[in-house]
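Student: One structure coming up, written as structure tokens, with questions to follow.
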Amino acid sequence: MNFKKTLAGALLSTLVISAASAEDFPSRAVTWVIPFTPGGVTDTGARVVAKAFSETLGQPVIVENRGGAGGIVGTEYVAQSKPDGYTVLYGSSGPMATNPYLYKKISYDPVKSFSLIHTMSESPLIMVVNANTPYKTVAEFVAFAKKNPGKINFGSAGAGTATHLVGELLQKEADIKLAHIPYKGSSPEIVDLLAGVLDVAFDYAVVVKPHIESGKLRTLAVTSDQRMKVLPNVPTLKESGYPGAVLAGWSTLVAAAGTPQPVVDKLAKAFGEALKKPDVVAYFEGNGSAVMPPLTGEKLTKFIVDENAKFKMLVEKSGATAE
């Protein structure tokens with residue numbers, strides 16, 4: 001009986017402490033883990049949002065890069081962290097919807113391992129070619145590819161990334177054969193595209209826009225459902241006759257599963273307010289991205305579940321693997 005009373009007392013004390021901790025949250029800095037190396041598109045955008053997030057949360061938001069294995073290292077780290085809201089994750093479409101189908105061994109579940117907090121941004125890709133290539137439209141590109149099967153090289157930021165999957169989708173949609181060359185990130189991929197080693201690539205505006213403006217790269221299409229504000233004269237792949245090649249990367253804010261709901265709610269409120277700030281909106285729009293509609297709770301869960309189903313299908317159609 002005494003043991004039962006002691007156990008009940010301990011459980012009650014834990015609940016009281018947890019409630020008090022949630023009420024006081026945040027009382028110190030929050031660490032925002034970016035599961036990619038510094039300097040990339042995700043890192044740059046996260047740091048812009050982190051500044052605004054710090055202001056709306058009332059505590060510093062410290063960006064910490066934990067790259068490796070296509071985002072798995074940092075994602076696993078947050079999944080295994082203390083569920084108190086002081087460690088959160090930049091949960092992007094790669095680790096949260098693609099990697100579970102690219103890797104045989106993965107220790108987290110995109111839904112069950114996390115407390116899903118809030119949507120962040122989405123980014124379509126741009127189909128770009130070296131300015132010296134002979135094709136100036138998607139139709140010309142496809143015609144050339146049909147006459148030269150396997151002779152066009154397309155690069156990606158890595159096997160299974162959106163930059164790879166959209167290329168695989170276009171091949172299937174257009175019934176063409178391209179030679180895929182995966183790189184370790186966008187930087188070396190673009191260097192080879194500019195040098196003429198690669199013929200075509202699909203990457204984000206923040207990566208390729210400077211080279212488009214310099215005239216070194218030519219745009220053929222964008223992978224969004226509608227034309228991009230920063231490139232209003234560039235058609236979509238959908239307009240070009242390939243609606244099955246519509247694809248966009250996305251990002252969310254998540255924490256370890258079991259994070260108290262009041263803490264999740266506070267994080268969601270502050271994060272949502274940060275995303276409304278004019279400088280944040282301007283940053284994303286200026287870089288060919290957009291702040292996503294504000295999804296939380298069950299709606300965000302449904303979004304993640306639906307995206308997993310879609311990316312599972314894409315990975316299976318492409319035959320991509322990271323192992």
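To be explicit about the labels: the chains of the structure tokens are called A, B, and onward in the order shown, and within each one the residues are counted from 1, while ligands get numbers from 1 in the order they are shown.
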Would you list the contacts of stretch 170-176 of chain A as a ChimeraX atom specification, taking every protein, DNA or RNA residue within 8 Å and counting only C-alpha atoms, but skipping same-chain residues closer than 4 positions in sequence?

Tutor: /A:142,145-146,149,166,242,244-245

Student: Find the residues around stretch 118-133 of chain A up to 8 Å (only C-alpha atoms counted), leave out those fewer than 3 positions away in its own chain, and share them as a PyMOL selection string.

Tutor: chain A and resi 136+163+193-194+196+198-205+208+215-224+247-254+268+271-272+275+284+288-296+300

Student: Go ahead and save the picked residues with C-alpha atoms, as a PDB file, in the first residue's frame.

Tutor:
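Output file selection.pdb is given in full below:
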```
ATOM      1  CA  LYS A 136      15.352  26.564 -75.543  1.00  0.00           C
ATOM      2  CA  THR A 163      16.160  17.693 -57.327  1.00  0.00           C
ATOM      3  CA  LEU A 193      26.326  22.672 -64.899  1.00  0.00           C
ATOM      4  CA  LEU A 194      28.008  26.034 -65.474  1.00  0.00           C
ATOM      5  CA  GLY A 196      29.092  22.272 -69.309  1.00  0.00           C
ATOM      6  CA  LEU A 198      26.032  18.648 -66.985  1.00  0.00           C
ATOM      7  CA  ASP A 199      23.293  19.456 -69.473  1.00  0.00           C
ATOM      8  CA  VAL A 200      20.325  20.057 -67.172  1.00  0.00           C
ATOM      9  CA  ALA A 201      19.405  20.341 -63.503  1.00  0.00           C
ATOM     10  CA  PHE A 202      16.335  20.957 -61.379  1.00  0.00           C
ATOM     11  CA  ASP A 203      17.076  23.173 -58.401  1.00  0.00           C
ATOM     12  CA  TYR A 204      15.681  25.940 -56.221  1.00  0.00           C
ATOM     13  CA  ALA A 205      15.545  29.607 -57.187  1.00  0.00           C
ATOM     14  CA  VAL A 208      20.108  29.091 -59.656  1.00  0.00           C
ATOM     15  CA  GLY A 215      22.855  34.637 -68.571  1.00  0.00           C
ATOM     16  CA  LYS A 216      24.942  31.541 -67.842  1.00  0.00           C
ATOM     17  CA  LEU A 217      21.897  29.345 -67.285  1.00  0.00           C
ATOM     18  CA  ARG A 218      18.681  29.213 -69.286  1.00  0.00           C
ATOM     19  CA  THR A 219      15.313  28.399 -67.719  1.00  0.00           C
ATOM     20  CA  LEU A 220      13.001  25.927 -69.439  1.00  0.00           C
ATOM     21  CA  ALA A 221      10.260  25.450 -66.842  1.00  0.00           C
ATOM     22  CA  VAL A 222       9.297  25.473 -63.171  1.00  0.00           C
ATOM     23  CA  THR A 223       7.868  22.517 -61.237  1.00  0.00           C
ATOM     24  CA  SER A 224       5.137  24.410 -59.396  1.00  0.00           C
ATOM     25  CA  LEU A 247       6.703  18.888 -57.306  1.00  0.00           C
ATOM     26  CA  ALA A 248       7.740  21.210 -54.488  1.00  0.00           C
ATOM     27  CA  GLY A 249       9.891  20.843 -51.420  1.00  0.00           C
ATOM     28  CA  TRP A 250       8.400  21.965 -48.087  1.00  0.00           C
ATOM     29  CA  SER A 251       9.377  22.533 -44.490  1.00  0.00           C
ATOM     30  CA  THR A 252       7.742  22.398 -41.063  1.00  0.00           C
ATOM     31  CA  LEU A 253       8.577  22.930 -37.404  1.00  0.00           C
ATOM     32  CA  VAL A 254       8.414  19.828 -35.194  1.00  0.00           C
ATOM     33  CA  ALA A 268       2.986  27.227 -32.984  1.00  0.00           C
ATOM     34  CA  PHE A 271       6.164  30.565 -35.183  1.00  0.00           C
ATOM     35  CA  GLY A 272       2.999  31.500 -37.060  1.00  0.00           C
ATOM     36  CA  LEU A 275       6.108  33.809 -40.632  1.00  0.00           C
ATOM     37  CA  PHE A 284      10.756  33.675 -49.345  1.00  0.00           C
ATOM     38  CA  GLY A 288      11.142  31.712 -55.356  1.00  0.00           C
ATOM     39  CA  SER A 289       9.456  30.203 -52.310  1.00  0.00           C
ATOM     40  CA  ALA A 290       6.321  30.995 -50.328  1.00  0.00           C
ATOM     41  CA  VAL A 291       5.106  30.805 -46.756  1.00  0.00           C
ATOM     42  CA  MET A 292       2.744  27.845 -46.543  1.00  0.00           C
ATOM     43  CA  PRO A 293      -0.852  28.067 -45.299  1.00  0.00           C
ATOM     44  CA  PRO A 294      -0.762  27.800 -41.479  1.00  0.00           C
ATOM     45  CA  LEU A 295      -1.403  24.159 -40.631  1.00  0.00           C
ATOM     46  CA  THR A 296      -1.266  22.813 -37.068  1.00  0.00           C
ATOM     47  CA  LEU A 300      -0.730  19.231 -40.168  1.00  0.00           C
TER      48      LEU A 300
END
```

Student: Enumerate the residues of stretch 137-169 of chain A with a DSSP assignment of strand (DSSP E or B), computed from the backbone, and present them as a list in words.

Tutor: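 Reading the DSSP output for stretch 137-169 of chain A, strand (DSSP E or B) covers Asn153, Phe154, Gly155 and Ser156 of chain A.
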
Student: Provide the atom CA of A:Tyr77 to atom CA of A:Ile62 distance in Å, to one decimal place.

Tutor: 15.7 Å

Student: Give me the residues near stretch 157-161 of chain A as a VMD selection string, where near means some atom within 7 Å (using only C-alpha atoms) and where sequence neighbours in that chain fewer than 6 positions away do not count.

Tutor: chain A and resid 94 102 182 to 186 189 320 to 322

Student: Those residues you just picked out, can you put them in a file as a PDB file, in the first residue's frame with N, CA and C atoms?

Tutor:
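Result written to out_32.pdb:
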```
ATOM      1  N   GLY A  94      12.422  16.116 -47.295  1.00  0.00           N
ATOM      2  CA  GLY A  94      13.388  15.024 -47.439  1.00  0.00           C
ATOM      3  C   GLY A  94      13.344  14.064 -46.255  1.00  0.00           C
ATOM      4  N   LEU A 102      13.689   5.758 -48.878  1.00  0.00           N
ATOM      5  CA  LEU A 102      14.984   5.638 -49.545  1.00  0.00           C
ATOM      6  C   LEU A 102      15.960   4.789 -48.745  1.00  0.00           C
ATOM      7  N   PRO A 182      24.292  12.080 -59.376  1.00  0.00           N
ATOM      8  CA  PRO A 182      24.033  12.678 -58.057  1.00  0.00           C
ATOM      9  C   PRO A 182      25.281  13.347 -57.486  1.00  0.00           C
ATOM     10  N   TYR A 183      25.084  14.468 -56.816  1.00  0.00           N
ATOM     11  CA  TYR A 183      26.180  15.193 -56.161  1.00  0.00           C
ATOM     12  C   TYR A 183      25.912  15.266 -54.662  1.00  0.00           C
ATOM     13  N   LYS A 184      26.888  15.716 -53.923  1.00  0.00           N
ATOM     14  CA  LYS A 184      26.710  15.917 -52.489  1.00  0.00           C
ATOM     15  C   LYS A 184      26.354  17.380 -52.249  1.00  0.00           C
ATOM     16  N   GLY A 185      25.139  17.734 -52.627  1.00  0.00           N
ATOM     17  CA  GLY A 185      24.678  19.103 -52.466  1.00  0.00           C
ATOM     18  C   GLY A 185      24.570  19.837 -53.786  1.00  0.00           C
ATOM     19  N   SER A 186      23.935  21.006 -53.736  1.00  0.00           N
ATOM     20  CA  SER A 186      23.693  21.779 -54.950  1.00  0.00           C
ATOM     21  C   SER A 186      24.931  22.486 -55.482  1.00  0.00           C
ATOM     22  N   GLU A 189      27.037  20.532 -57.952  1.00  0.00           N
ATOM     23  CA  GLU A 189      26.169  20.267 -59.106  1.00  0.00           C
ATOM     24  C   GLU A 189      26.123  21.478 -60.035  1.00  0.00           C
ATOM     25  N   ALA A 320      14.546   5.122 -57.091  1.00  0.00           N
ATOM     26  CA  ALA A 320      15.666   5.725 -56.364  1.00  0.00           C
ATOM     27  C   ALA A 320      15.946   4.980 -55.063  1.00  0.00           C
ATOM     28  N   THR A 321      17.189   4.937 -54.679  1.00  0.00           N
ATOM     29  CA  THR A 321      17.589   4.374 -53.409  1.00  0.00           C
ATOM     30  C   THR A 321      18.829   5.093 -52.919  1.00  0.00           C
ATOM     31  N   ALA A 322      18.995   5.163 -51.615  1.00  0.00           N
ATOM     32  CA  ALA A 322      20.170   5.822 -51.051  1.00  0.00           C
ATOM     33  C   ALA A 322      21.124   4.802 -50.435  1.00  0.00           C
TER      34      ALA A 322
END
```

Student: To one decimal in Å, tell me the separation between atom CA of A:Val88 and atom CA of A:Lys310.

Tutor: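 Atom-to-atom, atom CA of A:Val88 and atom CA of A:Lys310 are spaced 25.0 Å apart.
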
Student: Provide the atom CA of A:Ser318 to atom CA of A:Leu165 distance in Å, to one decimal place.

Tutor: 6.7 Å

Student: Counting only C-alpha atoms, which residue out of A:Ala97, A:Leu57, A:Leu89, A:Leu169 sits closest to A:Ala309?

Tutor: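 Closest to A:Ala309, using only C-alpha atoms: A:Ala97.
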
Student: Which residues are close to A:Val61, i.e. within 9 Å by only C-alpha atoms, leaving aside same-chain residues fewer than 2 positions away? Reply as a list in words.

Tutor: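 Counting only the stated atoms, we get Ala29, Val30, Thr31, Trp32, Ala50, Lys51, Phe53, Ser54, Glu55, Leu57, Gln59 and Val63 of chain A.
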
Student: Smallest atom-to-atom distance to A:Lys276: which of A:Ile34, A:Ile117, A:Val49, A:Ala162, using only C-alpha atoms?

Tutor: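 So, comparing all the options, the nearest one is A:Val49.
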
Student: Residues within 8 Å of A:Ala256, please, as a VMD selection string. Count only C-alpha atoms; anything in the same chain fewer than 6 positions from it doesn't count.

Tutor: chain A and resid 78 to 83 85 87 to 88 113 to 115

Student: List as a PyMOL selection string the protein and nucleic acid residues near A:Pro35, meaning an atom at most 8 Å away when only C-alpha atoms are counted, but skip any in the same chain fewer than 4 places from it.

Tutor: chain A and resi 65-68+70-75+89-90

Student: Determine which residues of stretch 136-275 of chain A DSSP labels as helix (DSSP H, G or I) from the backbone of this structure, then write them out as a PyMOL selection string.

Tutor: chain A and resi 138-147+162-174+186-195+205-213+243-245+261-275
